[in-house]
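Engineer: The file below is model-v1.pdb, PDB, C-alpha atoms and all ligand atoms:
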```pdb
ATOM      1  CA  MET A  23      -3.051 -10.450  18.511
ATOM      2  CA  GLN A  24      -6.629 -10.426  17.274
ATOM      3  CA  ILE A  25      -7.754 -10.250  13.654
ATOM      4  CA  ILE A  26     -11.190  -8.660  13.508
ATOM      5  CA  ARG A  27     -13.189  -8.712  10.285
ATOM      6  CA  GLU A  28     -16.435  -6.961  11.175
ATOM      7  CA  ALA A  29     -16.933  -3.244  11.753
ATOM      8  CA  GLY A  30     -19.331  -3.842  14.662
ATOM      9  CA  ALA A  31     -16.890  -6.176  16.429
ATOM     10  CA  MET A  32     -14.034  -3.719  15.873
ATOM     11  CA  GLN A  33     -16.099  -0.844  17.250
ATOM     12  CA  ARG A  34     -16.956  -2.888  20.362
ATOM     13  CA  TYR A  35     -13.250  -3.711  20.843
ATOM     14  CA  VAL A  36     -12.099  -0.073  20.698
ATOM     15  CA  GLU A  37     -15.034   1.214  22.754
ATOM     16  CA  GLU A  38     -14.147  -1.237  25.526
ATOM     17  CA  GLN A  39     -10.489  -0.116  25.396
ATOM     18  CA  ARG A  40     -11.552   3.544  25.522
ATOM     19  CA  ARG A  41     -13.968   2.844  28.405
ATOM     20  CA  ILE A  42     -11.109   1.544  30.545
ATOM     21  CA  GLY A  43      -9.046   4.614  29.700
ATOM     22  CA  ARG A  44      -6.663   3.230  27.111
ATOM     23  CA  SER A  45      -5.335   5.298  24.215
ATOM     24  CA  ILE A  46      -5.729   3.863  20.713
ATOM     25  CA  GLY A  47      -3.111   4.221  17.974
ATOM     26  CA  LEU A  48      -3.976   3.404  14.363
ATOM     27  CA  VAL A  49      -1.817   2.477  11.369
ATOM     28  CA  PRO A  50      -3.828   2.162   8.143
ATOM     29  CA  THR A  51      -2.172  -0.109   5.541
ATOM     30  CA  MET A  52      -2.909  -2.091   2.413
ATOM     31  CA  GLY A  53      -0.680  -4.937   3.658
ATOM     32  CA  ALA A  54       2.400  -6.410   1.939
ATOM     33  CA  LEU A  55       4.215  -5.013   4.937
ATOM     34  CA  HIS A  56       7.794  -3.760   4.717
ATOM     35  CA  ASP A  57      10.096  -1.839   7.052
ATOM     36  CA  GLY A  58       8.290   1.440   6.257
ATOM     37  CA  HIS A  59       5.051   0.023   7.654
ATOM     38  CA  LEU A  60       6.946  -1.536  10.559
ATOM     39  CA  SER A  61       8.425   1.812  11.577
ATOM     40  CA  LEU A  62       4.847   3.180  11.810
ATOM     41  CA  LEU A  63       3.681   0.126  13.767
ATOM     42  CA  ARG A  64       6.589   0.337  16.229
ATOM     43  CA  ARG A  65       6.024   4.018  16.857
ATOM     44  CA  CYS A  66       2.291   3.407  17.266
ATOM     45  CA  ARG A  67       3.095   0.645  19.772
ATOM     46  CA  ALA A  68       5.417   2.944  21.731
ATOM     47  CA  ASP A  69       3.017   5.920  21.859
ATOM     48  CA  ASN A  70      -0.276   4.196  22.713
ATOM     49  CA  ASP A  71      -1.827   1.664  25.071
ATOM     50  CA  VAL A  72      -3.476  -0.184  22.192
ATOM     51  CA  ALA A  73      -1.882  -0.513  18.747
ATOM     52  CA  VAL A  74      -4.297  -1.193  15.882
ATOM     53  CA  MET A  75      -3.382  -1.822  12.248
ATOM     54  CA  THR A  76      -5.914  -1.871   9.461
ATOM     55  CA  LEU A  77      -5.324  -4.052   6.420
ATOM     56  CA  PHE A  78      -7.567  -3.396   3.452
ATOM     57  CA  VAL A  79      -6.624  -3.184  -0.216
ATOM     58  CA  ASN A  80      -9.027  -0.403  -1.122
ATOM     59  CA  PRO A  81     -10.270  -0.781  -4.711
ATOM     60  CA  LYS A  82     -11.678   2.762  -4.674
ATOM     61  CA  GLN A  83      -8.222   4.329  -4.587
ATOM     62  CA  PHE A  84      -6.826   2.391  -7.558
ATOM     63  CA  ASP A  85      -7.204   4.224 -10.848
ATOM     64  CA  ARG A  86      -5.931   1.237 -12.868
ATOM     65  CA  SER A  87      -7.532  -2.196 -12.486
ATOM     66  CA  GLU A  88      -4.250  -3.999 -13.417
ATOM     67  CA  ASP A  89      -2.539  -2.278 -10.490
ATOM     68  CA  LEU A  90      -5.269  -3.507  -8.117
ATOM     69  CA  ALA A  91      -5.175  -7.058  -9.521
ATOM     70  CA  ARG A  92      -1.372  -7.243  -9.171
ATOM     71  CA  TYR A  93      -1.193  -5.716  -5.696
ATOM     72  CA  PRO A  94       0.738  -8.185  -3.465
ATOM     73  CA  ARG A  95      -1.326  -9.884  -0.717
ATOM     74  CA  ASP A  96      -0.164 -12.214   2.077
ATOM     75  CA  LEU A  97      -2.280 -12.064   5.243
ATOM     76  CA  ALA A  98      -0.349 -14.747   7.152
ATOM     77  CA  ARG A  99       2.989 -12.971   6.649
ATOM     78  CA  ASP A 100       1.507  -9.554   7.434
ATOM     79  CA  ALA A 101      -0.104 -10.870  10.620
ATOM     80  CA  ASP A 102       3.221 -12.352  11.792
ATOM     81  CA  LEU A 103       5.094  -9.098  11.108
ATOM     82  CA  ALA A 104       2.426  -6.949  12.757
ATOM     83  CA  ALA A 105       2.358  -9.187  15.837
ATOM     84  CA  ALA A 106       6.171  -9.061  16.093
ATOM     85  CA  ALA A 107       5.953  -5.229  16.003
ATOM     86  CA  GLY A 108       3.629  -5.340  19.012
ATOM     87  CA  THR A 109       0.282  -4.805  17.257
ATOM     88  CA  ASP A 110      -2.721  -5.730  19.433
ATOM     89  CA  ALA A 111      -5.379  -5.990  16.745
ATOM     90  CA  ILE A 112      -5.701  -6.001  12.974
ATOM     91  CA  TYR A 113      -8.926  -4.749  11.435
ATOM     92  CA  HIS A 114      -9.190  -6.642   8.145
ATOM     93  CA  PRO A 115     -12.636  -6.122   6.660
ATOM     94  CA  ALA A 116     -13.908  -8.007   3.629
ATOM     95  CA  MET A 117     -14.915  -5.972   0.594
ATOM     96  CA  GLU A 118     -18.619  -6.516   1.318
ATOM     97  CA  GLU A 119     -18.129  -5.333   4.893
ATOM     98  CA  MET A 120     -16.496  -2.128   3.706
ATOM     99  CA  TYR A 121     -18.635  -1.388   0.657
ATOM    100  CA  PRO A 122     -21.870  -3.373   0.845
ATOM    101  CA  GLY A 123     -24.425  -3.154  -1.975
ATOM    102  CA  GLY A 124     -25.966   0.318  -2.065
ATOM    103  CA  TYR A 125     -22.830   2.013  -0.739
ATOM    104  CA  ALA A 126     -23.086   5.679  -1.863
ATOM    105  CA  THR A 127     -21.039   8.009   0.349
ATOM    106  CA  TYR A 128     -17.695   9.589  -0.579
ATOM    107  CA  VAL A 129     -15.362  12.108   1.025
ATOM    108  CA  ILE A 130     -13.752  14.711  -1.235
ATOM    109  CA  VAL A 131     -10.926  16.958  -0.082
ATOM    110  CA  GLU A 132     -10.829  19.927  -2.460
ATOM    111  CA  GLY A 133      -7.841  21.969  -3.628
ATOM    112  CA  LEU A 134      -4.965  19.921  -2.259
ATOM    113  CA  THR A 135      -6.001  16.978  -4.409
ATOM    114  CA  ASP A 136      -6.090  18.910  -7.708
ATOM    115  CA  ARG A 137      -2.422  18.455  -8.545
ATOM    116  CA  TRP A 138       0.268  15.741  -8.720
ATOM    117  CA  GLU A 139      -1.127  12.385  -7.596
ATOM    118  CA  GLY A 140      -4.649  13.786  -7.832
ATOM    119  CA  ALA A 141      -4.134  14.908 -11.434
ATOM    120  CA  THR A 142      -2.366  11.747 -12.612
ATOM    121  CA  ARG A 143      -4.632   9.306 -10.725
ATOM    122  CA  PRO A 144      -8.266  10.426 -11.117
ATOM    123  CA  GLY A 145     -10.388   9.382  -8.135
ATOM    124  CA  HIS A 146      -7.393   8.269  -6.092
ATOM    125  CA  PHE A 147      -7.741  10.755  -3.239
ATOM    126  CA  ARG A 148     -11.506  10.402  -3.153
ATOM    127  CA  GLY A 149     -10.874   6.703  -2.483
ATOM    128  CA  VAL A 150      -8.167   7.395   0.099
ATOM    129  CA  ALA A 151     -10.232  10.031   1.950
ATOM    130  CA  THR A 152     -13.315   7.818   1.937
ATOM    131  CA  VAL A 153     -11.594   4.687   3.200
ATOM    132  CA  CYS A 154      -9.631   6.581   5.865
ATOM    133  CA  THR A 155     -12.790   8.309   7.120
ATOM    134  CA  LYS A 156     -14.466   4.905   7.450
ATOM    135  CA  LEU A 157     -11.434   3.393   9.194
ATOM    136  CA  PHE A 158     -11.318   6.371  11.583
ATOM    137  CA  ALA A 159     -15.048   5.972  12.323
ATOM    138  CA  VAL A 160     -14.610   2.285  13.122
ATOM    139  CA  CYS A 161     -11.307   2.447  15.037
ATOM    140  CA  ARG A 162     -11.799   5.835  16.810
ATOM    141  CA  PRO A 163      -8.052   6.429  17.316
ATOM    142  CA  HIS A 164      -6.374   8.981  19.561
ATOM    143  CA  ARG A 165      -3.474   9.031  17.092
ATOM    144  CA  ALA A 166      -3.057   7.824  13.512
ATOM    145  CA  TYR A 167       0.283   7.196  11.787
ATOM    146  CA  PHE A 168       1.178   7.887   8.155
ATOM    147  CA  GLY A 169       4.399   7.838   6.125
ATOM    148  CA  GLN A 170       6.053  10.872   4.565
ATOM    149  CA  LYS A 171       6.586   8.593   1.554
ATOM    150  CA  ASP A 172       3.033   9.494   0.504
ATOM    151  CA  TYR A 173       3.539  13.198   1.165
ATOM    152  CA  GLN A 174       0.441  14.537  -0.585
ATOM    153  CA  GLN A 175      -1.678  11.859   1.084
ATOM    154  CA  SER A 176      -0.416  12.950   4.505
ATOM    155  CA  LEU A 177      -1.516  16.541   3.775
ATOM    156  CA  VAL A 178      -4.909  15.359   2.525
ATOM    157  CA  ILE A 179      -5.440  13.325   5.710
ATOM    158  CA  ARG A 180      -4.418  16.240   7.945
ATOM    159  CA  ARG A 181      -6.878  18.478   6.084
ATOM    160  CA  LEU A 182      -9.666  15.910   6.364
ATOM    161  CA  VAL A 183      -9.129  15.358  10.097
ATOM    162  CA  ALA A 184      -9.098  19.118  10.751
ATOM    163  CA  ASP A 185     -12.063  19.918   8.475
ATOM    164  CA  LEU A 186     -14.293  17.156   9.856
ATOM    165  CA  ASN A 187     -13.325  17.945  13.490
ATOM    166  CA  LEU A 188     -12.201  14.375  14.045
ATOM    167  CA  GLY A 189     -10.047  15.623  16.895
ATOM    168  CA  PHE A 190      -7.192  13.135  16.945
ATOM    169  CA  GLU A 191      -3.509  13.558  16.258
ATOM    170  CA  ILE A 192      -1.868  12.724  12.920
ATOM    171  CA  VAL A 193       1.757  11.611  13.156
ATOM    172  CA  VAL A 194       3.837  11.550   9.941
ATOM    173  CA  LEU A 195       7.063   9.532  10.042
ATOM    174  CA  PRO A 196      10.107   9.699   7.725
ATOM    175  CA  THR A 197      10.451   7.568   4.615
ATOM    176  CA  VAL A 198      12.303   4.287   5.134
ATOM    177  CA  ARG A 199      14.651   3.497   2.229
ATOM    178  CA  GLU A 200      16.689   0.668   0.715
ATOM    179  CA  ALA A 201      20.467   0.948   0.961
ATOM    180  CA  ASP A 202      20.621   2.577  -2.497
ATOM    181  CA  GLY A 203      18.002   5.174  -1.520
ATOM    182  CA  LEU A 204      14.924   3.646  -3.166
ATOM    183  CA  ALA A 205      11.891   4.349  -0.943
ATOM    184  CA  LEU A 206      10.409   1.101   0.334
ATOM    185  CA  SER A 207       7.084   0.330  -1.339
ATOM    186  CA  SER A 208       4.934  -2.756  -1.640
ATOM    187  CA  ARG A 209       5.184  -2.220  -5.410
ATOM    188  CA  ASN A 210       9.002  -2.528  -5.474
ATOM    189  CA  ALA A 211       8.614  -6.327  -5.462
ATOM    190  CA  LEU A 212       6.977  -6.027  -8.899
ATOM    191  CA  LEU A 213      10.051  -4.380 -10.498
ATOM    192  CA  GLY A 214      12.128  -6.513 -12.867
ATOM    193  CA  PRO A 215      15.911  -6.626 -12.204
ATOM    194  CA  ASP A 216      16.762  -3.849 -14.711
ATOM    195  CA  GLU A 217      13.855  -1.710 -13.530
ATOM    196  CA  ARG A 218      14.930  -2.211  -9.929
ATOM    197  CA  ARG A 219      18.511  -1.153 -10.744
ATOM    198  CA  GLN A 220      17.307   1.987 -12.482
ATOM    199  CA  ALA A 221      14.608   2.868  -9.916
ATOM    200  CA  ARG A 222      17.205   4.338  -7.570
ATOM    201  CA  VAL A 223      17.433   7.311  -9.927
ATOM    202  CA  VAL A 224      14.226   8.759  -8.435
ATOM    203  CA  SER A 225      15.622   9.219  -4.928
ATOM    204  CA  GLN A 226      19.042  10.176  -6.339
ATOM    205  CA  ALA A 227      17.449  12.998  -8.336
ATOM    206  CA  LEU A 228      15.533  14.224  -5.272
ATOM    207  CA  PHE A 229      18.578  14.040  -2.987
ATOM    208  CA  ALA A 230      20.624  15.920  -5.593
ATOM    209  CA  ALA A 231      18.023  18.708  -5.429
ATOM    210  CA  GLN A 232      18.228  18.709  -1.633
ATOM    211  CA  ALA A 233      22.023  18.993  -1.822
ATOM    212  CA  ALA A 234      21.772  21.807  -4.388
ATOM    213  CA  VAL A 235      19.471  23.790  -2.091
ATOM    214  CA  ARG A 236      21.889  23.249   0.785
ATOM    215  CA  SER A 237      24.628  24.665  -1.452
ATOM    216  CA  GLY A 238      22.574  27.782  -2.102
ATOM    217  CA  GLU A 239      20.488  27.037  -5.216
ATOM    218  CA  ARG A 240      17.191  28.976  -4.948
ATOM    219  CA  ASP A 241      15.820  28.653  -8.492
ATOM    220  CA  ALA A 242      12.937  26.215  -8.036
ATOM    221  CA  GLU A 243      12.298  25.845 -11.770
ATOM    222  CA  LYS A 244      15.921  24.865 -12.349
ATOM    223  CA  LEU A 245      15.741  22.368  -9.489
ATOM    224  CA  ARG A 246      12.546  20.900 -10.949
ATOM    225  CA  GLY A 247      14.055  20.621 -14.417
ATOM    226  CA  ASP A 248      17.183  18.942 -13.049
ATOM    227  CA  ILE A 249      15.104  16.372 -11.132
ATOM    228  CA  GLU A 250      13.125  15.536 -14.246
ATOM    229  CA  ALA A 251      16.223  15.333 -16.469
ATOM    230  CA  ARG A 252      18.034  13.099 -14.017
ATOM    231  CA  ILE A 253      15.121  10.664 -13.784
ATOM    232  CA  ARG A 254      14.726  10.704 -17.588
ATOM    233  CA  SER A 255      18.396   9.752 -17.933
ATOM    234  CA  ALA A 256      17.360   6.238 -16.856
ATOM    235  CA  SER A 257      16.329   4.518 -20.081
ATOM    236  CA  LEU A 258      13.360   2.651 -18.543
ATOM    237  CA  ALA A 259      11.914   5.640 -16.664
ATOM    238  CA  VAL A 260       8.778   7.469 -17.775
ATOM    239  CA  VAL A 261       8.284  10.602 -15.663
ATOM    240  CA  ASP A 262       4.692  11.395 -14.602
ATOM    241  CA  TYR A 263       5.766  14.575 -12.839
ATOM    242  CA  ALA A 264       8.632  16.254 -11.023
ATOM    243  CA  ALA A 265       7.736  19.255  -8.891
ATOM    244  CA  VAL A 266       9.159  21.711  -6.378
ATOM    245  CA  CYS A 267       6.324  23.033  -4.247
ATOM    246  CA  HIS A 268       5.188  24.804  -1.148
ATOM    247  CA  PRO A 269       5.193  22.127   1.577
ATOM    248  CA  ASP A 270       1.668  22.922   2.832
ATOM    249  CA  THR A 271      -0.284  23.927  -0.296
ATOM    250  CA  LEU A 272       1.697  21.934  -2.905
ATOM    251  CA  GLU A 273       1.546  24.939  -5.237
ATOM    252  CA  PRO A 274       4.593  24.992  -7.542
ATOM    253  CA  LEU A 275       7.341  27.454  -6.534
ATOM    254  CA  THR A 276       9.532  29.563  -8.770
ATOM    255  CA  HIS A 277      11.887  30.570  -5.980
ATOM    256  CA  ILE A 278      12.928  28.820  -2.762
ATOM    257  CA  SER A 279      12.674  31.161   0.196
ATOM    258  CA  GLY A 280      11.934  28.805   3.074
ATOM    259  CA  ARG A 281      10.614  25.279   3.450
ATOM    260  CA  ALA A 282       9.737  23.412   0.262
ATOM    261  CA  VAL A 283       9.129  19.877  -0.921
ATOM    262  CA  ALA A 284      10.348  18.138  -4.074
ATOM    263  CA  LEU A 285       7.963  15.479  -5.405
ATOM    264  CA  ALA A 286       8.453  12.950  -8.179
ATOM    265  CA  ALA A 287       6.463  10.144  -9.776
ATOM    266  CA  ALA A 288       7.856   7.861 -12.463
ATOM    267  CA  ARG A 289       6.920   4.594 -14.085
ATOM    268  CA  PHE A 290       9.349   1.750 -14.672
ATOM    269  CA  GLY A 291       7.543  -0.707 -16.943
ATOM    270  CA  ALA A 292       4.161  -1.342 -15.306
ATOM    271  CA  VAL A 293       5.288  -0.169 -11.865
ATOM    272  CA  ARG A 294       4.649   3.397 -10.785
ATOM    273  CA  LEU A 295       6.846   4.815  -8.015
ATOM    274  CA  ILE A 296       6.546   8.050  -6.034
ATOM    275  CA  ASP A 297       9.002   9.741  -3.711
ATOM    276  CA  ASN A 298       9.687  13.138  -2.142
ATOM    277  CA  VAL A 299      12.230  15.018  -0.034
ATOM    278  CA  LEU A 300      11.924  18.160   2.029
ATOM    279  CA  LEU A 301      14.067  21.112   0.962
ATOM    280  CA  ASP A 302      15.139  23.667   3.498
ATOM    281  CA  GLY A 303      16.002  26.924   1.786
TER     282      GLY A 303
HETATM  283  P1  LIG A 401       0.234   1.492   2.057
HETATM  284  O1  LIG A 401       0.155   0.107   2.608
HETATM  285  O2  LIG A 401       1.110   1.625   0.849
HETATM  286  O3  LIG A 401      -1.114   2.138   1.882
HETATM  287  O4  LIG A 401       0.989   2.369   3.145
HETATM  288  C1  LIG A 401       0.532   2.413   4.475
HETATM  289  C2  LIG A 401       1.267   3.485   5.204
HETATM  290  O5  LIG A 401       2.667   3.194   5.190
HETATM  291  C3  LIG A 401       1.090   4.869   4.566
HETATM  292  O6  LIG A 401       0.946   5.846   5.601
HETATM  293  C4  LIG A 401       2.395   5.050   3.831
HETATM  294  O7  LIG A 401       2.764   6.418   3.672
HETATM  295  C5  LIG A 401       3.365   4.342   4.758
HETATM  296  N1  LIG A 401       4.584   3.967   4.030
HETATM  297  C6  LIG A 401       4.657   3.334   2.829
HETATM  298  N2  LIG A 401       5.939   3.220   2.436
HETATM  299  C7  LIG A 401       6.696   3.799   3.406
HETATM  300  C8  LIG A 401       8.098   4.009   3.583
HETATM  301  N3  LIG A 401       8.981   3.588   2.684
HETATM  302  N4  LIG A 401       8.521   4.647   4.707
HETATM  303  C9  LIG A 401       7.615   5.082   5.625
HETATM  304  N5  LIG A 401       6.279   4.895   5.520
HETATM  305  C10 LIG A 401       5.823   4.272   4.421
END
```
Any chance you could give the structure as structure tokens?
Structural biologist:
Amino acid sequence: MQIIREAGAMQRYVEEQRRIGRSIGLVPTMGALHDGHLSLLRRCRADNDVAVMTLFVNPKQFDRSEDLARYPRDLARDADLAAAAGTDAIYHPAMEEMYPGGYATYVIVEGLTDRWEGATRPGHFRGVATVCTKLFAVCRPHRAYFGQKDYQQSLVIRRLVADLNLGFEIVVLPTVREADGLALSSRNALLGPDERRQARVVSQALFAAQAAVRSGERDAEKLRGDIEARIRSASLAVVDYAAVCHPDTLEPLTHISGRAVALAAARFGAVRLIDNVLLDG
């Protein structure tokens, strides 16, 4: 497996692969790999001739500098895990390579980014859309893989790829969870023992809403309120939002009459967690 640090070298690598007719799959990550990332890498490996992972902790998508400073980093471990999952190349640019002095260009996806993560983390999606556009320009994938865990992000990326005519396929894979339901996240390692015990309440609240819909509940405002109350019942939880929305527009629903998504974000101490489940009314 190669680790490539320069955009020019990465572009030459993928152009050569494309020239000889190979398909390129791309998994963008910020590292600190866990089984959620590995499920994307394995699927990317299976679907494509060349499996590329990017590893870049993107400062432009962090709205809080403490969160960026604390973000776990371990290149040697990540490289071993990526290689074991069959990755052919890691693109791991330095900060100066990605955003050299004078950098001035940003990508803004309107509408979809107004609510939820966009509202609670100013600038976050501008950072995500900008870094992904740059990674797509360098790696020129035929397919790119994202996790449902970051549901709003997956919609933003689909919008971006369609709007800018980037012409490759976006594949979104299910959320990988701990045994107690907690969605795997690089930030889970930062939870203290009590926070970790209580963090399961987020997925429990969302799964309870999913079960309620399966049993016939159609009142989206009641479902939303129940999710929020259940998360709040954990003494260490601070809820940023709980929402029941249209799965494509993320507009809040009052009534469930088809597909929907339940989203939640909550802080446990200094660690902010997000999760979601699809509801099928
Ligand atoms: P990150 O390194 O957090 O930027 O995540 C890189 C990719 O992995 C994103 O597409 C995430 O949605 C995805 N991902 C993160 N956590 C999970 C998970 N628990 N299950 C599936 N995919 C995930």
Engineer: Calculated over all atoms listed in the file, which of the candidates A:Trp138, A:Phe190, A:Phe168, A:Phe158 has the smallest distance to ligand LIG 401 (chain A)?
Structural biologist: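 Using all atoms listed in the file, the shortest distance to ligand LIG 401 (chain A) belongs to A:Phe168.
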Engineer: Could you list the residues chosen by the PyMOL selection byres (((not hetatm)) within 10 of (chain A and resi 401)) in this structure as number ranges by chain?
Structural biologist: A: 49-63, 75-80, 83, 150, 166-176, 179, 193-200, 204-209, 296-297
Engineer: Those residues you just picked out, can you put them in a file as a CSV table (one decimal), in the frame of the given file with C-alpha atoms?
Structural biologist:
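Once everything was written out, this is selection-v4.csv:
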```
chain,number,residue,atom,x,y,z
A,49,VAL,CA,-1.8,2.5,11.4
A,50,PRO,CA,-3.8,2.2,8.1
A,51,THR,CA,-2.2,-0.1,5.5
A,52,MET,CA,-2.9,-2.1,2.4
A,53,GLY,CA,-0.7,-4.9,3.7
A,54,ALA,CA,2.4,-6.4,1.9
A,55,LEU,CA,4.2,-5.0,4.9
A,56,HIS,CA,7.8,-3.8,4.7
A,57,ASP,CA,10.1,-1.8,7.1
A,58,GLY,CA,8.3,1.4,6.3
A,59,HIS,CA,5.1,0.0,7.7
A,60,LEU,CA,6.9,-1.5,10.6
A,61,SER,CA,8.4,1.8,11.6
A,62,LEU,CA,4.8,3.2,11.8
A,63,LEU,CA,3.7,0.1,13.8
A,75,MET,CA,-3.4,-1.8,12.2
A,76,THR,CA,-5.9,-1.9,9.5
A,77,LEU,CA,-5.3,-4.1,6.4
A,78,PHE,CA,-7.6,-3.4,3.5
A,79,VAL,CA,-6.6,-3.2,-0.2
A,80,ASN,CA,-9.0,-0.4,-1.1
A,83,GLN,CA,-8.2,4.3,-4.6
A,150,VAL,CA,-8.2,7.4,0.1
A,166,ALA,CA,-3.1,7.8,13.5
A,167,TYR,CA,0.3,7.2,11.8
A,168,PHE,CA,1.2,7.9,8.2
A,169,GLY,CA,4.4,7.8,6.1
A,170,GLN,CA,6.1,10.9,4.6
A,171,LYS,CA,6.6,8.6,1.6
A,172,ASP,CA,3.0,9.5,0.5
A,173,TYR,CA,3.5,13.2,1.2
A,174,GLN,CA,0.4,14.5,-0.6
A,175,GLN,CA,-1.7,11.9,1.1
A,176,SER,CA,-0.4,13.0,4.5
A,179,ILE,CA,-5.4,13.3,5.7
A,193,VAL,CA,1.8,11.6,13.2
A,194,VAL,CA,3.8,11.6,9.9
A,195,LEU,CA,7.1,9.5,10.0
A,196,PRO,CA,10.1,9.7,7.7
A,197,THR,CA,10.5,7.6,4.6
A,198,VAL,CA,12.3,4.3,5.1
A,199,ARG,CA,14.7,3.5,2.2
A,200,GLU,CA,16.7,0.7,0.7
A,204,LEU,CA,14.9,3.6,-3.2
A,205,ALA,CA,11.9,4.3,-0.9
A,206,LEU,CA,10.4,1.1,0.3
A,207,SER,CA,7.1,0.3,-1.3
A,208,SER,CA,4.9,-2.8,-1.6
A,209,ARG,CA,5.2,-2.2,-5.4
A,296,ILE,CA,6.5,8.0,-6.0
A,297,ASP,CA,9.0,9.7,-3.7
```
Engineer: One decimal, Å: what's the distance from CA of Pro274 in chain A over to CA of Ser225 in chain A, could you say?
Structural biologist: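 Value for the CA of Pro274 in chain A-CA of Ser225 in chain A distance: 19.4 Å.
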Engineer: Determine, using all atoms listed in the file, which residues of range 129-234 of chain A have any atom at most 10 Å from an atom of range 24-34 of chain A, and tabulate each with its shortest atom pair and distance in Å to one decimal place, rows ordered by chain and then rising number, as a Markdown table.
Structural biologist:
```
| residue | atom | partner | partner_atom | distance |
| --- | --- | --- | --- | --- |
| A:Lys156 | CA | A:Ala29 | CA | 9.5 |
| A:Leu157 | CA | A:Ala29 | CA | 9.0 |
| A:Ala159 | CA | A:Gln33 | CA | 8.5 |
| A:Val160 | CA | A:Gln33 | CA | 5.4 |
| A:Cys161 | CA | A:Gln33 | CA | 6.2 |
| A:Arg162 | CA | A:Gln33 | CA | 8.0 |
```
Engineer: Hey, what's within 12 Å of range 250-260 of chain A if we count only C-alpha atoms and toss same-chain stuff fewer than 6 positions away? As an NGL selection string, please?
Structural biologist: :A and (213-231 or 243-244 or 266 or 284-297)
Engineer: So which residues touch Val131 in chain A within 8 Å, counting all atoms listed in the file, skipping near sequence neighbours fewer than 2 positions away, as a PyMOL selection string?
Structural biologist: chain A and resi 129+133-135+147-148+151+178+181-182
Engineer: Build an axis-aligned box that encloses every atom of range 72-79 of chain A listed in the file, pad it by 3 Å on each side, and report its centre and edge lengths in Å to one decimal, as lines of an AutoDock Vina configuration file.
Structural biologist:
```
center_x = -4.7
center_y = -2.1
center_z = 11.0
size_x = 11.7
size_y = 9.9
size_z = 28.4
```
Engineer: Name every residue that the PyMOL selection byres (((chain A and resi 86) around 12) and not hetatm) selects in this structure, writing the answer as a ChimeraX atom specification with chains first and numbers rising.
Structural biologist: /A:81-85,87-93,142-146,292-294
Engineer: Residues of the last selection are to be written out with C-alpha atoms, as a compact mmCIF listing (two decimals), keeping the file's coordinate frame.
Structural biologist:
```txt
# COMPACT_ATOMS: atom_id res chain seq x y z
CA PRO A 81 -10.27 -0.78 -4.71
CA LYS A 82 -11.68 2.76 -4.67
CA GLN A 83 -8.22 4.33 -4.59
CA PHE A 84 -6.83 2.39 -7.56
CA ASP A 85 -7.20 4.22 -10.85
CA SER A 87 -7.53 -2.20 -12.49
CA GLU A 88 -4.25 -4.00 -13.42
CA ASP A 89 -2.54 -2.28 -10.49
CA LEU A 90 -5.27 -3.51 -8.12
CA ALA A 91 -5.18 -7.06 -9.52
CA ARG A 92 -1.37 -7.24 -9.17
CA TYR A 93 -1.19 -5.72 -5.70
CA THR A 142 -2.37 11.75 -12.61
CA ARG A 143 -4.63 9.31 -10.72
CA PRO A 144 -8.27 10.43 -11.12
CA GLY A 145 -10.39 9.38 -8.14
CA HIS A 146 -7.39 8.27 -6.09
CA ALA A 292 4.16 -1.34 -15.31
CA VAL A 293 5.29 -0.17 -11.86
CA ARG A 294 4.65 3.40 -10.78
```
Engineer: Skipping near chain neighbours, those fewer than 3 positions away, what residues fall within 10 Å of Glu191 in chain A using all atoms listed in the file, listed as a list in words?
Structural biologist: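 Surrounding residues, per the criterion: Gly47, Pro163, His164, Arg165, Ala166, Tyr167, Arg180, Val183, Ala184, Leu188 and Val194 of chain A.
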Engineer: Rounded to one decimal in Å, what is the spacing between CA of Leu300 in chain A and CA of Arg281 in chain A?
Structural biologist: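 Those two atoms sit 7.4 Å apart.
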Engineer: For the atom pair CA of Cys267 in chain A and CA of Ala234 in chain A, what is the interatomic distance in Å to one decimal place?
Structural biologist: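 We find that CA of Cys267 in chain A and CA of Ala234 in chain A lie 15.5 Å from each other.
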Engineer: Measuring atom to atom with all atoms listed in the file, identify which of A:Ile42, A:Ile130, A:Val235, A:Ala111 is nearest to Cys154 in chain A.
Structural biologist: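 Of the candidates, the smallest distance to Cys154 in chain A is held by A:Ile130.
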Engineer: Which of these residues is nearest to Pro115 in chain A, using all atoms listed in the file: A:Asp71, A:Asp241, A:Ala98, A:Val153?
Structural biologist: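 Ranked by minimum distance to Pro115 in chain A, first place goes to A:Val153.
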Engineer: A:Gly123, A:Pro94, A:Gly149, A:Gly247: which is nearest Thr276 in chain A, counting all atoms listed in the file?
Structural biologist: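 Residue with the minimum atom-to-atom distance to Thr276 in chain A: A:Gly247.
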Engineer: Between A:Thr109, A:Asn210, A:Glu37, A:Arg99, which has the minimum distance to Arg65 in chain A (counting all atoms listed in the file)?
Structural biologist: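 Checking each candidate against Arg65 in chain A, we get A:Thr109 as the closest.
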Engineer: Using all atoms listed in the file, pick whichever of A:Val261, A:Ala73, A:Ala233, A:Leu48 has the shortest atom-to-atom distance to Asp302 in chain A.
Structural biologist: A:Ala233
